[in-house]
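What follows is a set of notes on a single structure, which appears directly below.
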Amino acid sequence: MNQERVFSLVENGDITVSEALSIIRKSASEGKISLEMSKENKIAEIQQELNRLIGLESVKQLIHEIYAFVEIQQKRVQMQLASEPVVLHMIFSGNPGVGKTTVARLIGKLFMEMGVLSKGHLVEVERADLVAEYIGQTAQKTREQLRKATGGILFIDEAYSLARGGEKDFGKEAIDTMVKTMEDQRNNLIIILAGYSEPMKEFLETNPGLSSRFPIQIEFPDYSSFELFKIAELMLQERDYQLNKGARRKLYRIIEELKAAETTNFGNARTVRNIIEKAIRRQAVRLVNMKNLSRTDLMEITEEDIQGEVGP
Amino acid sequence: MKQILVLGQTNAGKTLFTINFAIYLGASDISLTFQDSHRGSYTRTLELEAAKQLLVSDTPHYTRVVQSAVLELPWGKGIKKFEIVDTAGLMDGIHQDPQIRRAMSQTLAVVRQADIILHILDAAKIGKNNILKTIGEVDFQVAQFGQLKPGYVILANKIDLPEAMEGIEKIKAEFPGHQILEISALHTLGFKKVKEFVKRHL
C-alpha cells in the first residue's frame with residue numbers, strides 16, 4: 001500500500017495508528033520503501049532553496065551546470081568510462097550583500113547530499129584567521145583552518161588580502177600551504193575565494209598559478225532595484241510584516257536613489273535589511289502608546305516608518 | 001540535518017522533555033516550526049521558559065501540531081546541528097476529533113524518516129496501573145518498528161515519582177531487547193545518558 005494512502009486513512013479515521021505503523025513496518029522490512037528521505041528528494045529540496053533566492057539567475061544556472069556535471073561524472077565512473085577529474089574549487093566575486101555566503105552554504109549542502117563532500121559544512125575565514133604574526137606560524141595556522149574545513153568548504157573572504165603586503169608578508173606562506181592542501185585533499189575539500197570583483201581579478205593576474213587551480217569562477221551581479229525591493233518584501237513577509245501602499249512606493253524610491261547614487265558602501269541586500277529593521281523599530285515607536293491595536297496595525301509598515309538614511 | 005523524533009502516548013511528557021532537553025544542551029531559545037493545516041508551515045521563536053509555559057500542559061492531546069527545534073551539540077572541536085521534533089501524542093483506537101487524527105498522521109509521516117526515535121513511556125502511570133491499560137498496542141508497534149532503526153531507544157519518564165520504580169520493571173519485562181533509559185523530564189534526571197545516546201547515533 002502506498003505511504004500517502006496510509007496517512008490519509010489515519011486522518012480519515014479508517015485505521016488506527018497501530019495498524020498504520022504495522023503496515024509501514026512491513027513494507028519497510030520487505031524493502032518496498034526506504035526509511036530515509038531519498039537522496040533525490042534531499043537534492044531537490046536544496047535546489048528549491050537555491051531557486052527561492054531572488055535574482056542571481058546566472059549563478060543558479062552555473063550551479064545547475066556544476067551539479068549536472070558532477071552527477072554525470074559519477075555515473076560515468078559507475079559505467080567504467082573515462083571521467084574528468086572533478087575539481088570544484090571556486091572563486092566568487094561580487095560586491096558585499098549579493099549572496100556569496102548564502103550560495104556557498106547551499107553548495108556545501110548540495111555536495112554533501114551528492115556524496116562529493118563528507119560533511120558539507122562551511123568554515124568562513126579571513127586573512128587574520130590564516131596569517132600569523134611570527135615566522136613559521138602561518139603554515140600551522142592555515143593548516144589548522146584547512147583541517148577544520150576538511151569534508152566541507154573553506155570560504156576565504158577578501159582572499160586578495162593574502163597577497164597584499166609585499167614579498168616579506170606571511171600571506172604568501174598561507175597561499176602556498178593552501179595550494180598544497182587543496183591538491184592533496186582534492187576529493188574532500190572545496191576552497192572558495194571570495195571578494196570584490198576588481199581586486200580579485202588583479203589578485204589572480206598576479207598569481208597565475210592560482211587561476212588554473214580554481215576552475216569555477218562565478219561573478220555575482222549586483223541586484224537590480226526591483227530585485228532588492230522583492231528581497232525587502234520577502235524579508236518583511238518572513239517577519240510577519242507587510243507594507244502598505246505608500247510604504248511600498250517610498251521604499252522603492254529609496255532603493256532606486258541608493259542605487260543611483262552608487263556610493264561604494266551601498267551594501268545591496270544588507271543595506272535593504274538595515275532599512276527594514278529600522279522601519280520595524282520605527283513602527284514599534286509609533287505604536288507603543290496606542291491602545292486597542294489590531295492584528296493589521298501590528299503588521300502594517302506605513303510610509304512614515306520607512307526612512308532612507310541608515311544610521312543609528 | 002539529522003532528525004530526532006520524540007514519540008509516545010499522550011501525556012507521557014514529550015513536549016516537556018523536548019524543551020528541557022534543549023535547555024540541557026545549552027539552547028537559550030527554541031525555534032518552533034509549526035506545520036499547521038491552515039497556514040502551512042511557519043516559524044516562531046520562543047524563549048525556552050516561555051515555551052514551557054505555553055506548550056506544556058497536563059491536558060491530553062495538548063500538542064496538536066508537529067513542532068521542532070534546531071539544536072547544537074558540541075562535536076569534537078566543532079558543533080553538530082540537528083533537529084529535535086516533538087510530536088502529537090499517539091493513542092490506540094480512532095479519535096473522534098479530525099484535528100487530532102491529522103496530527104497523528106503527520107507524526108507517522110515523520111516517524112519514517114527520523115534518524116533517532118526517542119520513545120517516551122510514562123513509568124509512573126505504568127507502575128500504578130495495569131499494563132494492559134497503560135502500555136498500548138501503539139507502544140508495541142512503535143517498539144517493533146524501532147527494531148528497524150539503530151537509533152531507537154525507550155525513555156522511561158517520570159522516575160521522580162515513587163510508583164515509577166515498579167513501572168520500570170514492568171517496562172523492562174514488556175520490551176525485552178530494547179535499550180531503556182530512565183529519565184525525569186521535569187527534573188532533568190538521566191539526561192546525560194540520553195545525550196550520549198544521541199551523540200552516538202547521530
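Note on naming: chains are A, B, ... as they come in the C-alpha cells, residues start from 1 per chain, ligands start from 1 in the order shown.
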Next item on the list: Just need the residues of chain A within 9 Å of chain B, counting only C-alpha atoms, so spit them out as a VMD selection string.
Entry: chain A and resid 3 to 4 6 to 22 24 to 26 28 to 29 34 to 37 148 238
Would you output that residue set with C-alpha atoms, as a PDB file, in the first residue's frame?
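This went into selection-v1.pdb:
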```pdb
ATOM      1  CA  GLN A   3       2.542   5.539   2.086  1.00  0.00           C
ATOM      2  CA  GLU A   4       0.451   8.639   1.490  1.00  0.00           C
ATOM      3  CA  VAL A   6      -1.772   5.048   4.822  1.00  0.00           C
ATOM      4  CA  PHE A   7      -1.510   8.566   6.221  1.00  0.00           C
ATOM      5  CA  SER A   8      -4.823   9.624   4.739  1.00  0.00           C
ATOM      6  CA  LEU A   9      -6.505   6.511   6.117  1.00  0.00           C
ATOM      7  CA  VAL A  10      -5.321   7.525   9.589  1.00  0.00           C
ATOM      8  CA  GLU A  11      -6.512  11.045   9.043  1.00  0.00           C
ATOM      9  CA  ASN A  12      -9.944   9.899   7.933  1.00  0.00           C
ATOM     10  CA  GLY A  13     -10.205   7.614  10.924  1.00  0.00           C
ATOM     11  CA  ASP A  14     -10.361   4.419   8.878  1.00  0.00           C
ATOM     12  CA  ILE A  15      -7.447   2.676  10.578  1.00  0.00           C
ATOM     13  CA  THR A  16      -5.716   3.134  13.912  1.00  0.00           C
ATOM     14  CA  VAL A  17      -2.201   4.425  14.362  1.00  0.00           C
ATOM     15  CA  SER A  18      -1.040   0.958  15.381  1.00  0.00           C
ATOM     16  CA  GLU A  19      -2.385  -0.566  12.201  1.00  0.00           C
ATOM     17  CA  ALA A  20      -0.706   2.153  10.166  1.00  0.00           C
ATOM     18  CA  LEU A  21       2.602   1.576  11.926  1.00  0.00           C
ATOM     19  CA  SER A  22       2.484  -2.122  11.306  1.00  0.00           C
ATOM     20  CA  ILE A  24       4.681   0.835   7.297  1.00  0.00           C
ATOM     21  CA  ARG A  25       6.942  -1.550   9.179  1.00  0.00           C
ATOM     22  CA  LYS A  26       6.010  -4.465   6.978  1.00  0.00           C
ATOM     23  CA  ALA A  28       9.860  -1.277   5.076  1.00  0.00           C
ATOM     24  CA  SER A  29      11.178  -4.661   6.130  1.00  0.00           C
ATOM     25  CA  SER A  34      13.089   3.286   2.301  1.00  0.00           C
ATOM     26  CA  LEU A  35      13.099   4.589   5.843  1.00  0.00           C
ATOM     27  CA  GLU A  36      15.154   7.568   4.890  1.00  0.00           C
ATOM     28  CA  MET A  37      14.356  10.505   2.744  1.00  0.00           C
ATOM     29  CA  LYS A 148      38.668  22.237  10.291  1.00  0.00           C
ATOM     30  CA  GLU A 238       9.263  36.240   6.922  1.00  0.00           C
TER      31      GLU A 238
END
```
Segment 176-186 of chain B surroundings by only C-alpha atoms, 7 Å radius, close-in-sequence under 5 positions cut, as a PDB file with all heavy atoms, in the first residue's frame:
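Generated output (around36.pdb):
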```pdb
ATOM      1  N   GLY B  13       4.845  13.132  28.399  1.00  0.00           N
ATOM      2  CA  GLY B  13       5.816  14.176  28.732  1.00  0.00           C
ATOM      3  C   GLY B  13       6.756  14.507  27.586  1.00  0.00           C
ATOM      4  O   GLY B  13       7.901  14.870  27.812  1.00  0.00           O
ATOM      5  N   LEU B  16       7.560  18.518  27.319  1.00  0.00           N
ATOM      6  CA  LEU B  16       8.406  18.957  28.432  1.00  0.00           C
ATOM      7  C   LEU B  16       9.816  18.398  28.265  1.00  0.00           C
ATOM      8  O   LEU B  16      10.810  19.090  28.471  1.00  0.00           O
ATOM      9  CB  LEU B  16       7.810  18.486  29.762  1.00  0.00           C
ATOM     10  CG  LEU B  16       8.567  18.968  30.998  1.00  0.00           C
ATOM     11  CD1 LEU B  16       8.579  20.481  31.067  1.00  0.00           C
ATOM     12  CD2 LEU B  16       7.951  18.398  32.271  1.00  0.00           C
ATOM     13  N   PHE B  17       9.898  17.133  27.857  1.00  0.00           N
ATOM     14  CA  PHE B  17      11.216  16.544  27.640  1.00  0.00           C
ATOM     15  C   PHE B  17      11.965  17.309  26.550  1.00  0.00           C
ATOM     16  O   PHE B  17      13.120  17.680  26.713  1.00  0.00           O
ATOM     17  CB  PHE B  17      11.106  15.067  27.246  1.00  0.00           C
ATOM     18  CG  PHE B  17      12.402  14.503  26.743  1.00  0.00           C
ATOM     19  CD1 PHE B  17      13.403  14.148  27.639  1.00  0.00           C
ATOM     20  CD2 PHE B  17      12.651  14.393  25.382  1.00  0.00           C
ATOM     21  CE1 PHE B  17      14.622  13.677  27.179  1.00  0.00           C
ATOM     22  CE2 PHE B  17      13.870  13.919  24.914  1.00  0.00           C
ATOM     23  CZ  PHE B  17      14.853  13.564  25.817  1.00  0.00           C
ATOM     24  N   ASN B  20      13.079  20.758  27.920  1.00  0.00           N
ATOM     25  CA  ASN B  20      14.125  20.659  28.944  1.00  0.00           C
ATOM     26  C   ASN B  20      15.422  20.083  28.380  1.00  0.00           C
ATOM     27  O   ASN B  20      16.513  20.461  28.808  1.00  0.00           O
ATOM     28  CB  ASN B  20      13.642  19.810  30.121  1.00  0.00           C
ATOM     29  CG  ASN B  20      12.891  20.651  31.131  1.00  0.00           C
ATOM     30  OD1 ASN B  20      12.966  21.882  31.087  1.00  0.00           O
ATOM     31  ND2 ASN B  20      12.172  20.015  32.023  1.00  0.00           N
ATOM     32  N   VAL B 153      15.372   4.195  21.072  1.00  0.00           N
ATOM     33  CA  VAL B 153      15.571   3.941  22.488  1.00  0.00           C
ATOM     34  C   VAL B 153      14.280   4.282  23.243  1.00  0.00           C
ATOM     35  O   VAL B 153      13.506   5.134  22.817  1.00  0.00           O
ATOM     36  CB  VAL B 153      16.769   4.755  23.043  1.00  0.00           C
ATOM     37  CG1 VAL B 153      16.463   6.249  23.056  1.00  0.00           C
ATOM     38  CG2 VAL B 153      17.178   4.287  24.418  1.00  0.00           C
ATOM     39  N   ILE B 154      14.049   3.538  24.333  1.00  0.00           N
ATOM     40  CA  ILE B 154      12.878   3.831  25.165  1.00  0.00           C
ATOM     41  C   ILE B 154      13.315   4.709  26.329  1.00  0.00           C
ATOM     42  O   ILE B 154      14.321   4.419  26.987  1.00  0.00           O
ATOM     43  CB  ILE B 154      12.249   2.523  25.701  1.00  0.00           C
ATOM     44  CG1 ILE B 154      11.679   1.722  24.531  1.00  0.00           C
ATOM     45  CG2 ILE B 154      11.176   2.820  26.740  1.00  0.00           C
ATOM     46  CD1 ILE B 154      11.149   0.361  24.926  1.00  0.00           C
ATOM     47  N   LEU B 155      12.599   5.776  26.559  1.00  0.00           N
ATOM     48  CA  LEU B 155      12.873   6.611  27.723  1.00  0.00           C
ATOM     49  C   LEU B 155      11.746   6.400  28.727  1.00  0.00           C
ATOM     50  O   LEU B 155      10.595   6.713  28.443  1.00  0.00           O
ATOM     51  CB  LEU B 155      12.939   8.088  27.334  1.00  0.00           C
ATOM     52  CG  LEU B 155      13.950   8.498  26.251  1.00  0.00           C
ATOM     53  CD1 LEU B 155      13.897  10.015  26.033  1.00  0.00           C
ATOM     54  CD2 LEU B 155      15.351   8.089  26.631  1.00  0.00           C
ATOM     55  N   ALA B 156      12.082   5.824  29.880  1.00  0.00           N
ATOM     56  CA  ALA B 156      11.081   5.639  30.920  1.00  0.00           C
ATOM     57  C   ALA B 156      11.032   6.929  31.739  1.00  0.00           C
ATOM     58  O   ALA B 156      11.946   7.237  32.492  1.00  0.00           O
ATOM     59  CB  ALA B 156      11.434   4.448  31.788  1.00  0.00           C
ATOM     60  N   ASN B 157       9.960   7.668  31.572  1.00  0.00           N
ATOM     61  CA  ASN B 157       9.861   9.016  32.133  1.00  0.00           C
ATOM     62  C   ASN B 157       9.201   9.014  33.511  1.00  0.00           C
ATOM     63  O   ASN B 157       8.591   8.036  33.918  1.00  0.00           O
ATOM     64  CB  ASN B 157       9.076   9.896  31.155  1.00  0.00           C
ATOM     65  CG  ASN B 157       9.145  11.361  31.516  1.00  0.00           C
ATOM     66  OD1 ASN B 157      10.028  11.776  32.266  1.00  0.00           O
ATOM     67  ND2 ASN B 157       8.213  12.139  30.999  1.00  0.00           N
ATOM     68  N   LYS B 158       9.321  10.125  34.194  1.00  0.00           N
ATOM     69  CA  LYS B 158       8.695  10.394  35.499  1.00  0.00           C
ATOM     70  C   LYS B 158       9.284   9.534  36.623  1.00  0.00           C
ATOM     71  O   LYS B 158       8.563   9.083  37.513  1.00  0.00           O
ATOM     72  CB  LYS B 158       7.161  10.222  35.426  1.00  0.00           C
ATOM     73  CG  LYS B 158       6.557  10.957  34.230  1.00  0.00           C
ATOM     74  CD  LYS B 158       5.077  11.195  34.337  1.00  0.00           C
ATOM     75  CE  LYS B 158       4.544  11.796  33.036  1.00  0.00           C
ATOM     76  NZ  LYS B 158       3.112  11.982  32.970  1.00  0.00           N
ATOM     77  N   ILE B 159      10.603   9.291  36.568  1.00  0.00           N
ATOM     78  CA  ILE B 159      11.220   8.469  37.619  1.00  0.00           C
ATOM     79  C   ILE B 159      11.311   9.215  38.951  1.00  0.00           C
ATOM     80  O   ILE B 159      11.712   8.647  39.954  1.00  0.00           O
ATOM     81  CB  ILE B 159      12.635   7.975  37.240  1.00  0.00           C
ATOM     82  CG1 ILE B 159      13.516   9.162  36.851  1.00  0.00           C
ATOM     83  CG2 ILE B 159      12.610   6.933  36.161  1.00  0.00           C
ATOM     84  CD1 ILE B 159      14.988   8.823  36.891  1.00  0.00           C
ATOM     85  N   ASP B 160      10.939  10.505  38.953  1.00  0.00           N
ATOM     86  CA  ASP B 160      10.917  11.226  40.230  1.00  0.00           C
ATOM     87  C   ASP B 160       9.733  10.794  41.095  1.00  0.00           C
ATOM     88  O   ASP B 160       9.704  11.025  42.286  1.00  0.00           O
ATOM     89  CB  ASP B 160      10.868  12.728  39.957  1.00  0.00           C
ATOM     90  CG  ASP B 160       9.798  13.103  38.958  1.00  0.00           C
ATOM     91  OD1 ASP B 160       9.788  12.533  37.842  1.00  0.00           O
ATOM     92  OD2 ASP B 160       8.951  13.935  39.281  1.00  0.00           O
ATOM     93  N   PHE B 191      19.479  12.849  31.843  1.00  0.00           N
ATOM     94  CA  PHE B 191      19.649  13.460  30.529  1.00  0.00           C
ATOM     95  C   PHE B 191      21.029  13.197  29.946  1.00  0.00           C
ATOM     96  O   PHE B 191      21.223  13.229  28.752  1.00  0.00           O
ATOM     97  CB  PHE B 191      19.397  14.973  30.587  1.00  0.00           C
ATOM     98  CG  PHE B 191      17.941  15.326  30.499  1.00  0.00           C
ATOM     99  CD1 PHE B 191      16.982  14.417  30.894  1.00  0.00           C
ATOM    100  CD2 PHE B 191      17.536  16.560  30.014  1.00  0.00           C
ATOM    101  CE1 PHE B 191      15.634  14.721  30.818  1.00  0.00           C
ATOM    102  CE2 PHE B 191      16.184  16.882  29.930  1.00  0.00           C
ATOM    103  CZ  PHE B 191      15.245  15.965  30.337  1.00  0.00           C
TER     104      PHE B 191
END
```
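For Thr15 of chain B, the non-local neighbours within 7 Å, defined as residues at least 4 positions apart in the same chain or in other chains and counting only C-alpha atoms, are Ile19, Val56 and Asp86 of chain B.
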Next item on the list: Write out as a ChimeraX atom specification all residues of segment 100-308 of chain A that DSSP puts in alpha helix (DSSP H) for this structure's backbone.
Entry: /A:100-114,127-130,137-149,171-184,197-206,208-213,225-238,245-261,269-287,295-299
Next item on the list: Would you mind listing what lies within 9 Å of segment 267-274 of chain A as a ChimeraX atom specification, with only C-alpha atoms counted and same-chain residues fewer than 2 positions away left out?
Entry: /A:95-99,222-223,228-229,231-232,235,255,259,264-265,276-279,310-311
Note to self: Quick check for you: according to DSSP on this backbone, which residues of chain B are classed as strand (DSSP E or B)? Reply as an MDAnalysis selection string.
What the structure shows: chainID B and resid 2:9 29:36 40:47 67:75 78:86 90 116:122 152:157 180:182 184 189
At most 6 Å is the cut-off: for each residue in segment 88-130 of chain A with any atom that close to an atom of segment 192-211 of chain A, write down the nearest atom pair and the distance in Å rounded to one decimal, counting only C-alpha atoms, chain first then increasing number, as a Markdown table.
```
| residue | atom | partner | partner_atom | distance |
| --- | --- | --- | --- | --- |
| A:His89 | CA | A:Ile192 | CA | 5.9 |
| A:Met90 | CA | A:Ile192 | CA | 4.7 |
| A:Ile91 | CA | A:Leu193 | CA | 4.8 |
| A:Phe92 | CA | A:Ala194 | CA | 4.6 |
| A:Ser93 | CA | A:Ser197 | CA | 4.8 |
| A:Gly94 | CA | A:Tyr196 | CA | 4.9 |
| A:Asn95 | CA | A:Tyr196 | CA | 5.3 |
```
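In terms of minimum interatomic distance to Ala27 of chain B, B:Leu73 ranks closest within B:Ala50, B:Ala12, B:Leu73, B:Val6, counting only C-alpha atoms.
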Next item on the list: Identify which of the residues B:Ser68, B:His201, B:Ala22, B:Val85 lies closest to Glu49 of chain B, counting only C-alpha atoms when measuring atom-to-atom distances.
Entry: B:Ala22
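Between atom CA of Ala124 of chain B and atom CA of Lys195 of chain B the interatomic distance comes to 22.5 Å.
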Note to self: Could you tell me how far atom CA of Lys81 of chain B sits from atom CA of Gly151 of chain B, in Å to one decimal place?
What the structure shows: 16.6 Å
